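What follows is coords22.tsv (TSV, C-alpha atoms).
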chain	number	residue	atom	x	y	z
J	1	LEU	CA	7.35	1.92	4.65
J	2	ILE	CA	6.21	4.52	2.14
J	3	VAL	CA	7.12	3.74	-1.47
J	4	THR	CA	7.37	6.93	-3.52
J	5	GLY	CA	8.21	7.65	-7.11
J	6	ALA	CA	7.11	9.28	-10.32
J	7	GLU	CA	3.93	8.37	-12.16
J	8	GLY	CA	4.31	5.05	-13.95
J	9	GLY	CA	7.50	4.25	-12.03
J	10	GLY	CA	6.27	0.89	-10.74
J	11	LYS	CA	5.08	1.71	-7.21
J	12	THR	CA	1.84	-0.25	-7.52
J	13	THR	CA	3.63	-3.11	-9.26
J	14	LEU	CA	6.14	-3.27	-6.42
J	15	ARG	CA	3.29	-3.25	-3.90
J	16	ARG	CA	1.67	-6.20	-5.68
J	17	GLN	CA	4.96	-8.09	-5.82
J	18	ILE	CA	5.61	-7.56	-2.11
J	19	ALA	CA	2.06	-8.66	-1.26
J	20	LEU	CA	2.21	-11.83	-3.35
J	21	CYS	CA	5.70	-12.79	-2.24
J	22	ALA	CA	4.80	-12.29	1.43
J	23	ALA	CA	1.66	-14.42	1.01
J	24	GLY	CA	3.77	-17.06	-0.73
J	25	GLY	CA	6.45	-17.04	1.93
J	26	LEU	CA	9.18	-15.64	-0.30
J	27	HIS	CA	11.33	-12.61	0.39
J	28	PRO	CA	10.49	-10.26	-2.51
J	29	PHE	CA	14.12	-9.33	-3.19
J	30	THR	CA	16.22	-12.33	-2.16
J	31	GLY	CA	13.82	-15.26	-2.63
J	32	VAL	CA	14.63	-16.56	0.86
J	33	ARG	CA	11.71	-18.62	2.18
J	34	PHE	CA	9.81	-17.92	5.39
J	35	ASP	CA	6.41	-18.79	6.82
J	36	PRO	CA	3.73	-17.23	4.58
J	37	LEU	CA	2.17	-14.04	5.89
J	38	LYS	CA	-1.46	-13.01	5.97
J	39	VAL	CA	-1.67	-10.05	3.61
J	40	LEU	CA	-4.43	-7.47	3.30
J	41	GLU	CA	-4.17	-5.27	0.20
J	42	ILE	CA	-6.37	-2.17	0.22
J	43	ASP	CA	-6.15	-0.63	-3.23
J	44	CYS	CA	-7.79	2.76	-3.61
J	45	GLU	CA	-6.86	3.22	-7.25
J	46	ASN	CA	-7.59	0.00	-9.15
J	47	SER	CA	-10.51	-2.39	-9.48
J	48	GLU	CA	-10.15	-6.00	-8.36
J	49	ARG	CA	-10.14	-7.08	-12.00
J	50	GLN	CA	-7.30	-4.66	-12.82
J	51	TRP	CA	-5.33	-5.74	-9.75
J	52	ARG	CA	-5.67	-9.46	-10.46
J	53	ARG	CA	-4.87	-9.08	-14.16
J	54	ALA	CA	-1.75	-7.04	-13.42
J	55	ALA	CA	-0.68	-9.47	-10.68
J	56	ARG	CA	-1.21	-12.66	-12.68
J	57	ALA	CA	2.38	-13.16	-13.91
J	58	THR	CA	3.84	-12.45	-10.48
J	59	ALA	CA	1.35	-14.81	-8.83
J	60	ILE	CA	2.33	-17.58	-11.24
J	61	ALA	CA	6.06	-17.00	-10.60
J	62	VAL	CA	5.56	-16.99	-6.82
J	63	GLY	CA	3.50	-20.17	-7.11
J	64	ARG	CA	6.22	-21.93	-9.07
J	65	ALA	CA	8.90	-20.89	-6.59
J	66	SER	CA	6.95	-21.57	-3.39
J	67	GLY	CA	4.32	-24.15	-4.32
J	68	ILE	CA	1.73	-21.79	-2.79
J	69	ASP	CA	-1.18	-20.13	-4.59
J	70	ALA	CA	-0.30	-16.70	-3.20
J	71	ALA	CA	-2.99	-14.86	-5.19
J	72	SER	CA	-5.68	-16.74	-3.31
J	73	LEU	CA	-4.05	-15.83	0.01
J	74	VAL	CA	-3.93	-12.06	-0.52
J	75	SER	CA	-7.11	-10.56	0.89
J	76	LEU	CA	-7.94	-7.84	-1.60
J	77	ALA	CA	-10.19	-4.85	-1.04
J	78	CYS	CA	-10.45	-2.43	-3.96
J	79	VAL	CA	-12.32	0.42	-2.37
J	80	GLY	CA	-11.84	3.60	-4.39
J	81	ARG	CA	-11.22	6.97	-2.81
J	82	MET	CA	-11.44	7.17	0.98
J	83	ASP	CA	-10.94	9.66	3.77
J	84	ILE	CA	-9.08	7.82	6.52
J	85	THR	CA	-9.44	10.86	8.77
J	86	THR	CA	-13.18	10.12	9.12
J	87	ALA	CA	-14.49	7.57	11.59
J	88	ALA	CA	-16.52	5.79	8.90
J	89	ASP	CA	-13.68	5.15	6.44
J	90	LEU	CA	-11.07	4.40	9.09
J	91	GLY	CA	-13.61	2.11	10.76
J	92	SER	CA	-14.09	0.21	7.50
J	93	ILE	CA	-10.34	-0.45	7.33
J	94	HIS	CA	-10.32	-1.60	10.95
J	95	ALA	CA	-13.25	-3.90	10.13
J	96	LEU	CA	-11.26	-5.42	7.26
J	97	MET	CA	-8.35	-5.89	9.63
J	98	ASP	CA	-10.65	-7.57	12.16
J	99	GLU	CA	-11.88	-9.92	9.43
J	100	HIS	CA	-8.49	-10.81	7.91
J	101	GLU	CA	-6.03	-10.28	10.80
J	102	PRO	CA	-3.14	-9.36	8.47
J	103	ASP	CA	0.55	-9.62	9.25
J	104	LEU	CA	1.13	-7.18	6.41
J	105	LEU	CA	-1.16	-4.31	5.42
J	106	MET	CA	-0.64	-2.84	1.95
J	107	ILE	CA	-2.53	0.39	1.29
J	108	GLY	CA	-2.62	3.30	-1.09
J	109	PRO	CA	-1.95	5.40	-2.85
J	110	LEU	CA	-1.86	8.09	-0.19
J	111	TYR	CA	-3.53	10.76	-2.34
J	112	LYS	CA	-6.60	8.52	-2.56
J	113	LEU	CA	-6.76	8.10	1.23
J	114	VAL	CA	-7.43	11.77	2.01
J	115	PRO	CA	-9.69	14.23	0.17
J	116	ARG	CA	-7.25	17.16	0.10
J	117	ALA	CA	-3.56	17.95	-0.14
J	118	ILE	CA	-1.38	17.24	2.88
J	119	SER	CA	0.58	20.48	2.75
J	120	THR	CA	1.20	21.30	6.39
J	121	ASP	CA	1.94	19.46	9.60
J	122	ASP	CA	-1.62	20.30	10.68
J	123	ASP	CA	-2.94	18.57	7.54
J	124	ALA	CA	-0.68	15.57	8.19
J	125	ALA	CA	-1.50	15.09	11.88
J	126	PRO	CA	-4.92	13.40	11.47
J	127	VAL	CA	-3.61	11.26	8.60
J	128	LEU	CA	-0.65	10.10	10.67
J	129	ALA	CA	-2.95	9.42	13.64
J	130	ALA	CA	-5.16	7.25	11.41
J	131	LEU	CA	-2.15	5.36	10.03
J	132	ASP	CA	-0.76	4.91	13.55
J	133	SER	CA	-4.08	3.38	14.64
J	134	LEU	CA	-3.61	0.77	11.91
J	135	ARG	CA	0.04	0.10	12.76
J	136	GLU	CA	-0.78	-0.22	16.47
J	137	ARG	CA	-2.77	-3.32	15.60
J	138	GLY	CA	0.48	-5.12	14.79
J	139	PRO	CA	0.87	-5.51	11.03
J	140	ALA	CA	3.74	-4.15	9.02
J	141	LEU	CA	2.44	-1.30	6.86
J	142	VAL	CA	3.50	-0.62	3.29
J	143	MET	CA	1.90	2.26	1.45
J	144	GLU	CA	2.31	4.07	-1.82
J	145	ALA	CA	2.64	7.82	-2.24
J	146	HIS	CA	3.26	9.85	-5.34
J	147	ALA	CA	6.23	12.18	-5.51
J	148	GLY	CA	5.61	15.87	-5.93
J	149	HIS	CA	6.45	17.72	-9.11
J	150	GLY	CA	8.78	20.23	-7.44
J	151	GLN	CA	12.46	20.45	-8.18
J	152	ASP	CA	15.34	20.84	-5.77
J	153	LYS	CA	17.94	23.63	-5.95
J	154	GLY	CA	19.89	21.66	-8.53
J	155	GLY	CA	16.87	21.38	-10.83
J	156	GLU	CA	16.28	17.68	-10.10
J	157	ARG	CA	12.82	16.32	-9.29
J	158	SER	CA	12.41	15.41	-5.64
J	159	TYR	CA	11.01	11.94	-4.95
J	160	ARG	CA	9.94	12.66	-1.38
J	161	PRO	CA	6.29	11.93	-0.61
J	162	ARG	CA	4.20	14.86	-1.79
J	163	GLY	CA	3.09	17.11	1.08
J	164	SER	CA	4.07	17.87	4.64
J	165	SER	CA	7.55	16.96	5.85
J	166	ALA	CA	5.76	15.17	8.73
J	167	LEU	CA	5.26	12.30	6.28
J	168	MET	CA	9.01	11.78	6.25
J	169	GLY	CA	8.89	10.75	9.93

Mind turning the file's structure into structure tokens?
Amino acid sequence: LIVTGAEGGGKTTLRRQIALCAAGGLHPFTGVRFDPLKVLEIDCENSERQWRRAARATAIAVGRASGIDAASLVSLACVGRMDITTAADLGSIHALMDEHEPDLLMIGPLYKLVPRAISTDDDAAPVLAALDSLRERGPALVMEAHAGHGQDKGGERSYRPRGSSALMG
């Protein structure tokens, strides 16, 4: 799943809410209970302090509803900018996955995972291959991508992921 939207539209907040609810065994939209999931959050935009401060209210609400300290169950890696098309950076994500064995991998935002724009299918191919290598390990994958600034023929802003149409697949 790729969550897209405008700047400040709540993409990162939604990612945190999904992560905490999954770790607490609560469906993030319906509140239906299920067995808690192992969650690995790889945040390339915020520090751990920022993430935890912003997640505090949600963590408390999930804890009240589920009786589980979900914040302590989300494995958090705040890593800064990466290039997942390189063996070193992709390998570091695989190492985190080896360590935490997540059921759910949260990662992003996409523009911080690659050093340049993803404008063509050729640009997208190595990024998609890297993401596929993560998905092939079994976890569900939720990532964040910013919408482009372009407008459609009707003058409305498009909220598709910025870059190659290959990302839509």

Checklist entry - What lies within 9 Å of segment 89-106 of chain J using all atoms listed in the file, ignoring chain neighbours under 4 positions off, as a PyMOL selection string? => result chain J and resi 15-16+18-19+22+37-43+75+77+82-85+130+133-135+137-144

Next on the checklist: List as a PyMOL selection string the residues having at least one atom at most 9 Å from position (-4.4, 8.8, 0.9) as given in the file, counting all atoms listed in the file.
Outcome noted: chain J and resi 44+81-84+107-116+127+144-145

Checklist entry - Between atom CA of Gly8 of chain J and atom CA of Glu48 of chain J, what is the distance, to one decimal in Å? => result 19.0 Å

Item to check | From J:Gly10, J:Arg56, J:Ser119, J:Phe29, residue lying nearest Ser72 of chain J [all atoms listed in the file] | outcome: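 When distances to Ser72 of chain J are compared using all atoms listed in the file, the smallest one comes from J:Arg56.
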
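Note that the spacing between atom CA of Arg49 of chain J and atom CA of Ala61 of chain J amounts to 19.0 Å.
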
Next on the checklist: List the spatial neighbours of Gly25 of chain J as a ChimeraX atom specification - criterion: any atom at most 8 Å away, all atoms listed in the file, same-chain residues fewer than 2 positions off excluded.
Outcome noted: /J:21-23,27,33-37,66

Reconstruct N, CA, C and O atoms of segment 43-69 of chain J from the incomplete input and present them as a PDB file, keeping the file's coordinate frame.
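What landed in out_12.pdb:
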ATOM      1  N   ASP J  43      -6.513  -1.404  -2.051  1.00  0.00           N
ATOM      2  CA  ASP J  43      -6.150  -0.630  -3.230  1.00  0.00           C
ATOM      3  C   ASP J  43      -7.225   0.414  -3.492  1.00  0.00           C
ATOM      4  O   ASP J  43      -8.379   0.062  -3.739  1.00  0.00           O
ATOM      5  N   CYS J  44      -6.846   1.656  -3.428  1.00  0.00           N
ATOM      6  CA  CYS J  44      -7.790   2.760  -3.610  1.00  0.00           C
ATOM      7  C   CYS J  44      -7.760   3.327  -5.020  1.00  0.00           C
ATOM      8  O   CYS J  44      -8.373   4.360  -5.285  1.00  0.00           O
ATOM      9  N   GLU J  45      -7.047   2.672  -5.913  1.00  0.00           N
ATOM     10  CA  GLU J  45      -6.860   3.220  -7.250  1.00  0.00           C
ATOM     11  C   GLU J  45      -7.318   2.278  -8.366  1.00  0.00           C
ATOM     12  O   GLU J  45      -7.669   2.721  -9.449  1.00  0.00           O
ATOM     13  N   ASN J  46      -7.301   0.983  -8.112  1.00  0.00           N
ATOM     14  CA  ASN J  46      -7.590   0.000  -9.150  1.00  0.00           C
ATOM     15  C   ASN J  46      -8.780  -0.880  -8.751  1.00  0.00           C
ATOM     16  O   ASN J  46      -9.031  -1.092  -7.573  1.00  0.00           O
ATOM     17  N   SER J  47      -9.436  -1.428  -9.743  1.00  0.00           N
ATOM     18  CA  SER J  47     -10.510  -2.390  -9.480  1.00  0.00           C
ATOM     19  C   SER J  47      -9.872  -3.749  -9.189  1.00  0.00           C
ATOM     20  O   SER J  47      -8.697  -3.986  -9.484  1.00  0.00           O
ATOM     21  N   GLU J  48     -10.668  -4.653  -8.631  1.00  0.00           N
ATOM     22  CA  GLU J  48     -10.150  -6.000  -8.360  1.00  0.00           C
ATOM     23  C   GLU J  48      -9.728  -6.675  -9.668  1.00  0.00           C
ATOM     24  O   GLU J  48      -8.694  -7.343  -9.713  1.00  0.00           O
ATOM     25  N   ARG J  49     -10.486  -6.482 -10.708  1.00  0.00           N
ATOM     26  CA  ARG J  49     -10.140  -7.080 -12.000  1.00  0.00           C
ATOM     27  C   ARG J  49      -8.797  -6.554 -12.503  1.00  0.00           C
ATOM     28  O   ARG J  49      -7.950  -7.323 -12.968  1.00  0.00           O
ATOM     29  N   GLN J  50      -8.582  -5.236 -12.399  1.00  0.00           N
ATOM     30  CA  GLN J  50      -7.300  -4.660 -12.820  1.00  0.00           C
ATOM     31  C   GLN J  50      -6.156  -5.209 -11.973  1.00  0.00           C
ATOM     32  O   GLN J  50      -5.100  -5.555 -12.499  1.00  0.00           O
ATOM     33  N   TRP J  51      -6.377  -5.273 -10.656  1.00  0.00           N
ATOM     34  CA  TRP J  51      -5.330  -5.740  -9.750  1.00  0.00           C
ATOM     35  C   TRP J  51      -4.952  -7.172 -10.083  1.00  0.00           C
ATOM     36  O   TRP J  51      -3.782  -7.499 -10.222  1.00  0.00           O
ATOM     37  N   ARG J  52      -5.946  -8.033 -10.206  1.00  0.00           N
ATOM     38  CA  ARG J  52      -5.670  -9.460 -10.460  1.00  0.00           C
ATOM     39  C   ARG J  52      -5.020  -9.677 -11.826  1.00  0.00           C
ATOM     40  O   ARG J  52      -4.117 -10.503 -11.957  1.00  0.00           O
ATOM     41  N   ARG J  53      -5.473  -8.933 -12.824  1.00  0.00           N
ATOM     42  CA  ARG J  53      -4.870  -9.080 -14.160  1.00  0.00           C
ATOM     43  C   ARG J  53      -3.406  -8.653 -14.134  1.00  0.00           C
ATOM     44  O   ARG J  53      -2.540  -9.340 -14.664  1.00  0.00           O
ATOM     45  N   ALA J  54      -3.122  -7.527 -13.482  1.00  0.00           N
ATOM     46  CA  ALA J  54      -1.750  -7.040 -13.420  1.00  0.00           C
ATOM     47  C   ALA J  54      -0.860  -7.929 -12.559  1.00  0.00           C
ATOM     48  O   ALA J  54       0.349  -7.984 -12.759  1.00  0.00           O
ATOM     49  N   ALA J  55      -1.448  -8.630 -11.601  1.00  0.00           N
ATOM     50  CA  ALA J  55      -0.680  -9.470 -10.680  1.00  0.00           C
ATOM     51  C   ALA J  55      -0.499 -10.899 -11.172  1.00  0.00           C
ATOM     52  O   ALA J  55       0.268 -11.666 -10.579  1.00  0.00           O
ATOM     53  N   ARG J  56      -1.171 -11.262 -12.242  1.00  0.00           N
ATOM     54  CA  ARG J  56      -1.210 -12.660 -12.680  1.00  0.00           C
ATOM     55  C   ARG J  56       0.186 -13.267 -12.887  1.00  0.00           C
ATOM     56  O   ARG J  56       0.482 -14.343 -12.360  1.00  0.00           O
ATOM     57  N   ALA J  57       1.054 -12.597 -13.623  1.00  0.00           N
ATOM     58  CA  ALA J  57       2.380 -13.160 -13.910  1.00  0.00           C
ATOM     59  C   ALA J  57       3.196 -13.325 -12.627  1.00  0.00           C
ATOM     60  O   ALA J  57       3.880 -14.344 -12.446  1.00  0.00           O
ATOM     61  N   THR J  58       3.121 -12.351 -11.748  1.00  0.00           N
ATOM     62  CA  THR J  58       3.840 -12.450 -10.480  1.00  0.00           C
ATOM     63  C   THR J  58       3.287 -13.595  -9.641  1.00  0.00           C
ATOM     64  O   THR J  58       4.047 -14.357  -9.043  1.00  0.00           O
ATOM     65  N   ALA J  59       1.972 -13.724  -9.602  1.00  0.00           N
ATOM     66  CA  ALA J  59       1.350 -14.810  -8.830  1.00  0.00           C
ATOM     67  C   ALA J  59       1.799 -16.170  -9.343  1.00  0.00           C
ATOM     68  O   ALA J  59       2.079 -17.083  -8.549  1.00  0.00           O
ATOM     69  N   ILE J  60       1.890 -16.315 -10.651  1.00  0.00           N
ATOM     70  CA  ILE J  60       2.330 -17.580 -11.240  1.00  0.00           C
ATOM     71  C   ILE J  60       3.784 -17.854 -10.855  1.00  0.00           C
ATOM     72  O   ILE J  60       4.138 -18.966 -10.449  1.00  0.00           O
ATOM     73  N   ALA J  61       4.641 -16.827 -10.945  1.00  0.00           N
ATOM     74  CA  ALA J  61       6.060 -17.000 -10.600  1.00  0.00           C
ATOM     75  C   ALA J  61       6.230 -17.351  -9.116  1.00  0.00           C
ATOM     76  O   ALA J  61       7.023 -18.229  -8.772  1.00  0.00           O
ATOM     77  N   VAL J  62       5.483 -16.693  -8.253  1.00  0.00           N
ATOM     78  CA  VAL J  62       5.560 -16.990  -6.820  1.00  0.00           C
ATOM     79  C   VAL J  62       5.069 -18.417  -6.575  1.00  0.00           C
ATOM     80  O   VAL J  62       5.672 -19.168  -5.792  1.00  0.00           O
ATOM     81  N   GLY J  63       4.008 -18.811  -7.255  1.00  0.00           N
ATOM     82  CA  GLY J  63       3.500 -20.170  -7.110  1.00  0.00           C
ATOM     83  C   GLY J  63       4.502 -21.226  -7.527  1.00  0.00           C
ATOM     84  O   GLY J  63       4.658 -22.250  -6.857  1.00  0.00           O
ATOM     85  N   ARG J  64       5.197 -20.974  -8.610  1.00  0.00           N
ATOM     86  CA  ARG J  64       6.220 -21.930  -9.070  1.00  0.00           C
ATOM     87  C   ARG J  64       7.363 -22.038  -8.059  1.00  0.00           C
ATOM     88  O   ARG J  64       7.881 -23.121  -7.805  1.00  0.00           O
ATOM     89  N   ALA J  65       7.766 -20.902  -7.512  1.00  0.00           N
ATOM     90  CA  ALA J  65       8.900 -20.890  -6.590  1.00  0.00           C
ATOM     91  C   ALA J  65       8.551 -21.425  -5.207  1.00  0.00           C
ATOM     92  O   ALA J  65       9.387 -22.033  -4.546  1.00  0.00           O
ATOM     93  N   SER J  66       7.309 -21.222  -4.769  1.00  0.00           N
ATOM     94  CA  SER J  66       6.950 -21.570  -3.390  1.00  0.00           C
ATOM     95  C   SER J  66       6.007 -22.762  -3.280  1.00  0.00           C
ATOM     96  O   SER J  66       5.872 -23.326  -2.198  1.00  0.00           O
ATOM     97  N   GLY J  67       5.327 -23.095  -4.384  1.00  0.00           N
ATOM     98  CA  GLY J  67       4.320 -24.150  -4.320  1.00  0.00           C
ATOM     99  C   GLY J  67       3.036 -23.677  -3.653  1.00  0.00           C
ATOM    100  O   GLY J  67       2.179 -24.483  -3.299  1.00  0.00           O
ATOM    101  N   ILE J  68       2.894 -22.363  -3.470  1.00  0.00           N
ATOM    102  CA  ILE J  68       1.730 -21.790  -2.790  1.00  0.00           C
ATOM    103  C   ILE J  68       0.976 -20.892  -3.765  1.00  0.00           C
ATOM    104  O   ILE J  68       1.580 -20.095  -4.483  1.00  0.00           O
ATOM    105  N   ASP J  69      -0.343 -21.011  -3.774  1.00  0.00           N
ATOM    106  CA  ASP J  69      -1.180 -20.130  -4.590  1.00  0.00           C
ATOM    107  C   ASP J  69      -1.342 -18.801  -3.851  1.00  0.00           C
ATOM    108  O   ASP J  69      -2.339 -18.565  -3.174  1.00  0.00           O
TER     109      ASP J  69
END
